[in-house]
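Listing of query.csv; format and content: CSV, C-alpha atoms and all ligand atoms.
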```csv
chain,number,residue,atom,x,y,z
I,102,MET,CA,82.2,79.1,100.7
I,103,GLN,CA,85.6,78.2,102.1
I,104,THR,CA,86.3,79.2,105.7
I,105,MET,CA,89.6,80.3,107.2
I,106,SER,CA,89.6,77.0,109.0
I,107,ASN,CA,89.3,75.0,105.8
I,108,LEU,CA,92.0,77.0,104.1
I,109,PHE,CA,94.4,76.6,107.0
I,110,GLN,CA,93.7,72.9,107.1
I,111,ASP,CA,94.4,72.5,103.3
I,112,ILE,CA,97.3,74.9,102.9
I,113,ILE,CA,99.1,75.6,106.1
I,114,ALA,CA,98.7,72.4,108.2
I,115,PRO,CA,100.6,70.2,105.6
I,116,LEU,CA,103.5,72.6,106.1
I,117,TYR,CA,103.4,73.5,109.8
I,118,GLY,CA,101.2,70.9,111.4
I,119,ASP,CA,98.1,71.4,113.6
I,120,GLN,CA,96.7,75.0,113.3
I,121,LYS,CA,94.3,75.0,116.2
I,122,SER,CA,96.2,77.6,118.2
I,123,ALA,CA,96.7,79.9,115.1
I,124,LEU,CA,93.0,79.6,114.3
I,125,GLU,CA,92.0,80.5,117.9
I,126,LYS,CA,94.2,83.6,117.7
I,127,ILE,CA,92.6,84.6,114.4
I,128,ALA,CA,89.1,84.0,115.7
I,129,SER,CA,89.7,86.1,118.9
I,130,ALA,CA,91.3,88.8,116.8
I,131,GLN,CA,93.1,90.2,119.8
I,132,ASP,CA,96.6,90.8,118.4
I,133,ARG,CA,96.2,90.4,114.6
I,134,LEU,CA,94.3,91.4,111.5
I,135,SER,CA,93.1,88.7,109.2
I,136,TYR,CA,91.8,89.4,105.7
I,137,MET,CA,90.4,87.0,103.1
I,138,LEU,CA,90.3,88.2,99.5
I,139,LEU,CA,87.1,87.0,97.8
I,140,ASN,CA,85.9,87.0,94.2
I,141,GLN,CA,82.3,88.1,93.1
I,142,GLU,CA,81.0,84.6,93.9
I,143,SER,CA,82.5,84.8,97.4
I,144,ASP,CA,85.1,82.2,96.7
I,145,ALA,CA,88.3,82.7,98.7
I,146,LEU,CA,91.2,83.8,96.5
I,147,GLY,CA,93.8,84.4,99.2
I,148,VAL,CA,94.5,85.2,102.8
I,149,VAL,CA,96.7,87.8,104.6
I,150,ILE,CA,97.3,88.0,108.4
I,151,PHE,CA,99.5,90.4,110.2
I,152,LYS,CA,100.0,91.5,113.8
I,153,SER,CA,98.4,94.8,114.6
I,154,GLN,CA,100.9,96.1,117.2
I,155,LEU,CA,104.4,97.3,116.4
I,156,SER,CA,106.9,94.6,117.5
I,157,GLN,CA,110.3,94.8,119.1
I,158,GLU,CA,110.7,91.0,119.0
I,159,PHE,CA,113.3,91.3,116.3
I,160,GLU,CA,115.4,94.0,118.0
I,161,SER,CA,118.4,91.7,118.3
I,162,LEU,CA,118.5,91.6,114.4
I,163,GLY,CA,118.3,95.4,114.3
I,164,ILE,CA,114.7,95.4,113.3
I,165,ASN,CA,112.6,97.9,115.3
I,166,ASN,CA,109.0,99.0,115.2
I,167,ALA,CA,108.0,96.2,112.9
I,168,ILE,CA,104.7,94.9,111.7
I,169,GLU,CA,105.0,91.1,111.6
I,170,LEU,CA,103.4,89.5,108.6
I,171,LYS,CA,102.2,86.1,109.8
I,172,THR,CA,100.6,84.5,106.7
I,173,LEU,CA,100.1,85.4,103.1
I,174,PHE,CA,99.0,82.9,100.5
I,175,VAL,CA,97.0,82.7,97.3
I,176,VAL,CA,94.4,79.8,97.1
I,177,ASN,CA,95.3,77.2,94.5
I,178,ALA,CA,98.5,79.0,93.9
I,179,ASN,CA,99.7,76.7,91.2
I,180,LYS,CA,96.7,77.9,89.1
I,181,ASN,CA,96.1,81.4,90.4
I,182,SER,CA,99.6,82.9,90.8
I,183,GLY,CA,101.0,85.6,88.6
I,184,VAL,CA,97.9,87.7,88.2
I,185,GLY,CA,98.5,90.1,91.1
I,186,LEU,CA,96.5,88.4,93.9
I,187,GLY,CA,99.6,88.1,96.1
I,188,SER,CA,100.3,91.8,95.5
I,189,GLN,CA,96.8,92.8,96.5
I,190,LEU,CA,97.1,90.8,99.7
I,191,PHE,CA,100.5,92.3,100.5
I,192,SER,CA,99.1,95.9,99.9
I,193,GLN,CA,96.7,95.4,102.8
I,194,CYS,CA,99.7,94.8,105.1
I,195,LEU,CA,101.8,97.5,103.6
I,196,ASN,CA,99.1,100.1,103.8
I,197,TYR,CA,98.5,99.2,107.5
I,198,ALA,CA,102.2,99.3,108.3
I,199,GLN,CA,102.5,102.8,106.8
I,200,LEU,CA,99.4,104.0,108.6
I,201,VAL,CA,100.9,103.0,112.0
I,202,ASN,CA,104.3,104.5,111.1
I,203,ALA,CA,106.0,101.1,111.2
I,204,GLN,CA,109.7,101.2,110.3
I,205,ASN,CA,109.8,97.6,109.0
I,206,ILE,CA,107.7,94.7,107.9
I,207,VAL,CA,109.1,91.3,108.9
I,208,VAL,CA,108.1,87.8,107.7
I,209,THR,CA,109.4,84.3,108.3
I,210,VAL,CA,109.4,82.0,105.3
I,211,SER,CA,110.2,78.4,105.0
I,212,GLU,CA,113.1,77.3,102.6
I,213,GLU,CA,110.4,75.0,101.2
I,214,LYS,CA,108.4,77.9,99.9
I,215,ASP,CA,110.7,79.2,97.1
I,216,GLU,CA,107.9,81.0,95.4
I,217,SER,CA,107.1,83.0,98.6
I,218,LEU,CA,110.8,83.8,99.1
I,219,LYS,CA,111.0,85.1,95.5
I,220,PHE,CA,107.7,87.0,95.9
I,221,PHE,CA,108.9,88.8,99.0
I,222,GLU,CA,112.3,89.6,97.5
I,223,ARG,CA,110.5,91.1,94.5
I,224,LYS,CA,108.6,93.3,97.1
I,225,GLY,CA,111.9,94.6,98.5
I,226,PHE,CA,112.5,92.2,101.4
I,227,GLN,CA,116.0,91.0,102.4
I,228,ARG,CA,117.0,87.9,104.2
I,229,VAL,CA,118.5,88.8,107.6
I,230,ASN,CA,118.6,85.5,109.5
I,231,ALA,CA,118.1,81.8,109.0
I,232,LEU,CA,116.6,79.6,111.8
I,233,GLU,CA,117.2,75.9,111.6
I,234,GLY,CA,114.2,73.8,112.7
I,235,LYS,CA,112.1,76.6,114.1
I,236,TYR,CA,108.8,75.0,113.0
I,237,LYS,CA,109.8,71.7,111.5
I,238,SER,CA,112.9,69.6,112.1
I,239,GLY,CA,115.5,69.8,109.4
I,240,ILE,CA,113.8,72.8,107.6
I,241,THR,CA,115.3,76.3,107.6
I,242,GLU,CA,113.1,79.3,108.1
I,243,PHE,CA,114.4,82.6,106.7
I,244,ILE,CA,113.5,85.9,108.4
I,245,LEU,CA,113.0,88.6,105.8
I,246,VAL,CA,112.6,92.3,106.4
I,247,LYS,CA,111.5,95.3,104.3
I,248,SER,CA,112.5,98.7,105.5
I,249,LEU,CA,109.8,101.4,105.2
I,250,THR,CA,112.2,104.2,106.1
I,251,ALA,CA,114.7,104.0,103.3
I,301,LIG,C1,104.0,83.5,96.6
I,301,LIG,C2,102.6,84.0,96.2
I,301,LIG,C3,102.0,84.8,97.3
I,301,LIG,C4,102.7,85.0,95.0
I,301,LIG,O1,101.4,85.5,94.7
I,301,LIG,P1,101.1,86.0,93.2
I,301,LIG,O2,99.6,86.3,93.2
I,301,LIG,O3,101.6,85.0,92.2
I,301,LIG,O4,102.0,87.3,93.1
I,301,LIG,P2,101.7,88.5,92.1
I,301,LIG,O5,101.1,88.0,90.9
I,301,LIG,O6,101.1,89.6,92.8
I,301,LIG,O7,103.2,88.8,91.7
I,301,LIG,C5,104.0,89.8,92.4
I,301,LIG,C6,105.4,89.9,92.0
I,301,LIG,O8,106.1,88.7,92.5
I,301,LIG,C7,106.7,88.0,91.4
I,301,LIG,N1,106.6,86.6,91.7
I,301,LIG,C8,105.5,86.0,92.1
I,301,LIG,N2,105.8,84.6,92.2
I,301,LIG,C9,107.0,84.5,91.8
I,301,LIG,C10,107.9,83.3,91.6
I,301,LIG,N3,107.5,82.1,91.9
I,301,LIG,N4,109.1,83.5,91.2
I,301,LIG,C11,109.6,84.8,90.9
I,301,LIG,N5,108.8,85.9,91.0
I,301,LIG,C12,107.6,85.7,91.5
I,301,LIG,C13,105.9,88.4,90.2
I,301,LIG,O9,106.6,88.3,89.0
I,301,LIG,C14,105.6,89.9,90.5
I,301,LIG,O10,106.6,90.7,90.1
I,301,LIG,P3,106.4,92.2,89.5
I,301,LIG,O11,105.5,92.9,90.5
I,301,LIG,O12,107.7,92.7,89.3
I,301,LIG,O13,105.6,91.9,88.2
I,301,LIG,C15,101.7,82.8,95.7
I,301,LIG,O14,102.2,82.1,94.6
I,301,LIG,C16,101.4,81.8,96.8
I,301,LIG,O15,100.6,82.0,97.7
I,301,LIG,N6,102.1,80.7,96.8
I,301,LIG,C17,101.9,79.6,97.8
I,301,LIG,C18,102.6,80.0,99.1
I,301,LIG,C19,102.2,79.1,100.2
I,301,LIG,O16,101.8,77.9,100.0
I,301,LIG,N7,102.3,79.6,101.4
I,301,LIG,C20,101.9,78.8,102.5
I,301,LIG,C21,102.6,79.3,103.7
I,301,LIG,S1,102.0,80.9,104.1
```
This structure in structure tokens:
Amino acid sequence: MQTMSNLFQDIIAPLYGDQKSALEKIASAQDRLSYMLLNQESDALGVVIFKSQLSQEFESLGINNAIELKTLFVVNANKNSGVGLGSQLFSQCLNYAQLVNAQNIVVTVSEEKDESLKFFERKGFQRVNALEGKYKSGITEFILVKSLTA
């Protein structure tokens, strides 16, 4: 069975570098909820991680009371995309956000992840800001927000 650590090593580290700090935060589960979607054989199909507290960190962009989606990916996405796994993972975050009366869901996505940008836009997110080199020099990260109050 794949562990969260293996998945982060294979999928996230090539994009964002060393994931030790993120994995420590996931393991201590202090400020975020982490879910792994499994099939009947207990193989990992995808991961979703979001902060559990409402955030005011994006207030300067007019985004208040937001749940911050930190990570969402389908395992072996080139093979397993398009059958609703991403939607199942996203539902976990959306249901939680509605439960805690969040006004927004916010996510940061690399310009390199066009499929993720398209996925979130299909889910009703809009780009509200672009950050040059936030995680990786020369790469733009887009901040996207979905309003839950409209
Ligand atoms: C982006 C990703 C989450 C989409 O997951 P998925 O399982 O294919 O999504 P779903 O099958 O649930 O599709 C949901 C909707 O998004 C749309 N969509 C998904 N991928 C799309 C793409 N590449 N282009 C356009 N639309 C797309 C689907 O058409 C569907 O629309 P609908 O609800 O109107 O039918 C998945 O491809 C993935 O994880 N990719 C890798 C991302 C990655 O490496 N991230 C690492 C950093 S976190």
Nearest to ligand LIG 301 (chain I), chosen from I:Gln131, I:Asn179, I:Gln103, I:Thr241, with only C-alpha atoms and all ligand atoms counted in the distances: I:Asn179
Env. residues ligand LIG 301 (chain I) / 6 Å / only C-alpha atoms and all ligand atoms / as JSON, numbers by chain: {"I": [113, 172, 173, 174, 175, 178, 182, 183, 184, 185, 186, 187, 188, 216, 217, 219, 220, 223]}
How big is the axis-aligned box around all listed atoms of region 181-200 of chain I once 3 Å goes on each side, and where's its centre, in Å to one decimal, as AutoDock Vina command-line options?
```
--center_x 99.3 --center_y 92.7 --center_z 98.4 --size_x 12.4 --size_y 28.6 --size_z 26.4
```
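Distances here use all atoms listed in the file; by that measure, the residue among I:Leu124, I:Met105, I:Leu249, I:Cys194 closest to Val149 (chain I) is I:Cys194.
CA of Phe226 (chain I) sits 26.2 Å away from CA of Leu139 (chain I).
Distances to Ala145 (chain I) were evaluated for I:Leu116, I:Ile127, I:Val207, I:Val176 using only C-alpha atoms, and the minimum falls at I:Val176.
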Could I see region 149-160 of chain I restored to N, CA and C atoms, set down as an mmCIF file, in the frame of the given file?
```
data_model
loop_
_atom_site.group_PDB
_atom_site.id
_atom_site.type_symbol
_atom_site.label_atom_id
_atom_site.label_comp_id
_atom_site.auth_asym_id
_atom_site.auth_seq_id
_atom_site.Cartn_x
_atom_site.Cartn_y
_atom_site.Cartn_z
ATOM 1 N N VAL I 149 95.608 87.067 103.984
ATOM 2 C CA VAL I 149 96.700 87.800 104.600
ATOM 3 C C VAL I 149 96.444 88.033 106.058
ATOM 4 N N ILE I 150 97.425 87.751 106.909
ATOM 5 C CA ILE I 150 97.300 88.000 108.400
ATOM 6 C C ILE I 150 98.528 88.631 108.878
ATOM 7 N N PHE I 151 98.333 89.701 109.648
ATOM 8 C CA PHE I 151 99.500 90.400 110.200
ATOM 9 C C PHE I 151 99.156 90.865 111.634
ATOM 10 N N LYS I 152 100.205 90.994 112.461
ATOM 11 C CA LYS I 152 100.000 91.500 113.800
ATOM 12 C C LYS I 152 99.672 92.962 113.764
ATOM 13 N N SER I 153 98.845 93.392 114.697
ATOM 14 C CA SER I 153 98.400 94.800 114.600
ATOM 15 C C SER I 153 99.259 95.754 115.429
ATOM 16 N N GLN I 154 100.042 95.224 116.383
ATOM 17 C CA GLN I 154 100.900 96.100 117.200
ATOM 18 C C GLN I 154 102.336 96.101 116.640
ATOM 19 N N LEU I 155 103.020 97.218 116.805
ATOM 20 C CA LEU I 155 104.400 97.300 116.400
ATOM 21 C C LEU I 155 105.232 96.364 117.340
ATOM 22 N N SER I 156 106.124 95.573 116.761
ATOM 23 C CA SER I 156 106.900 94.600 117.500
ATOM 24 C C SER I 156 108.339 94.960 117.691
ATOM 25 N N GLN I 157 108.857 94.664 118.897
ATOM 26 C CA GLN I 157 110.300 94.800 119.100
ATOM 27 C C GLN I 157 110.965 93.453 119.246
ATOM 28 N N GLU I 158 110.213 92.415 118.880
ATOM 29 C CA GLU I 158 110.700 91.000 119.000
ATOM 30 C C GLU I 158 111.973 90.757 118.253
ATOM 31 N N PHE I 159 112.197 91.541 117.187
ATOM 32 C CA PHE I 159 113.300 91.300 116.300
ATOM 33 C C PHE I 159 114.453 92.291 116.496
ATOM 34 N N GLU I 160 114.412 92.956 117.651
ATOM 35 C CA GLU I 160 115.400 94.000 118.000
ATOM 36 C C GLU I 160 116.829 93.537 117.854
#
```
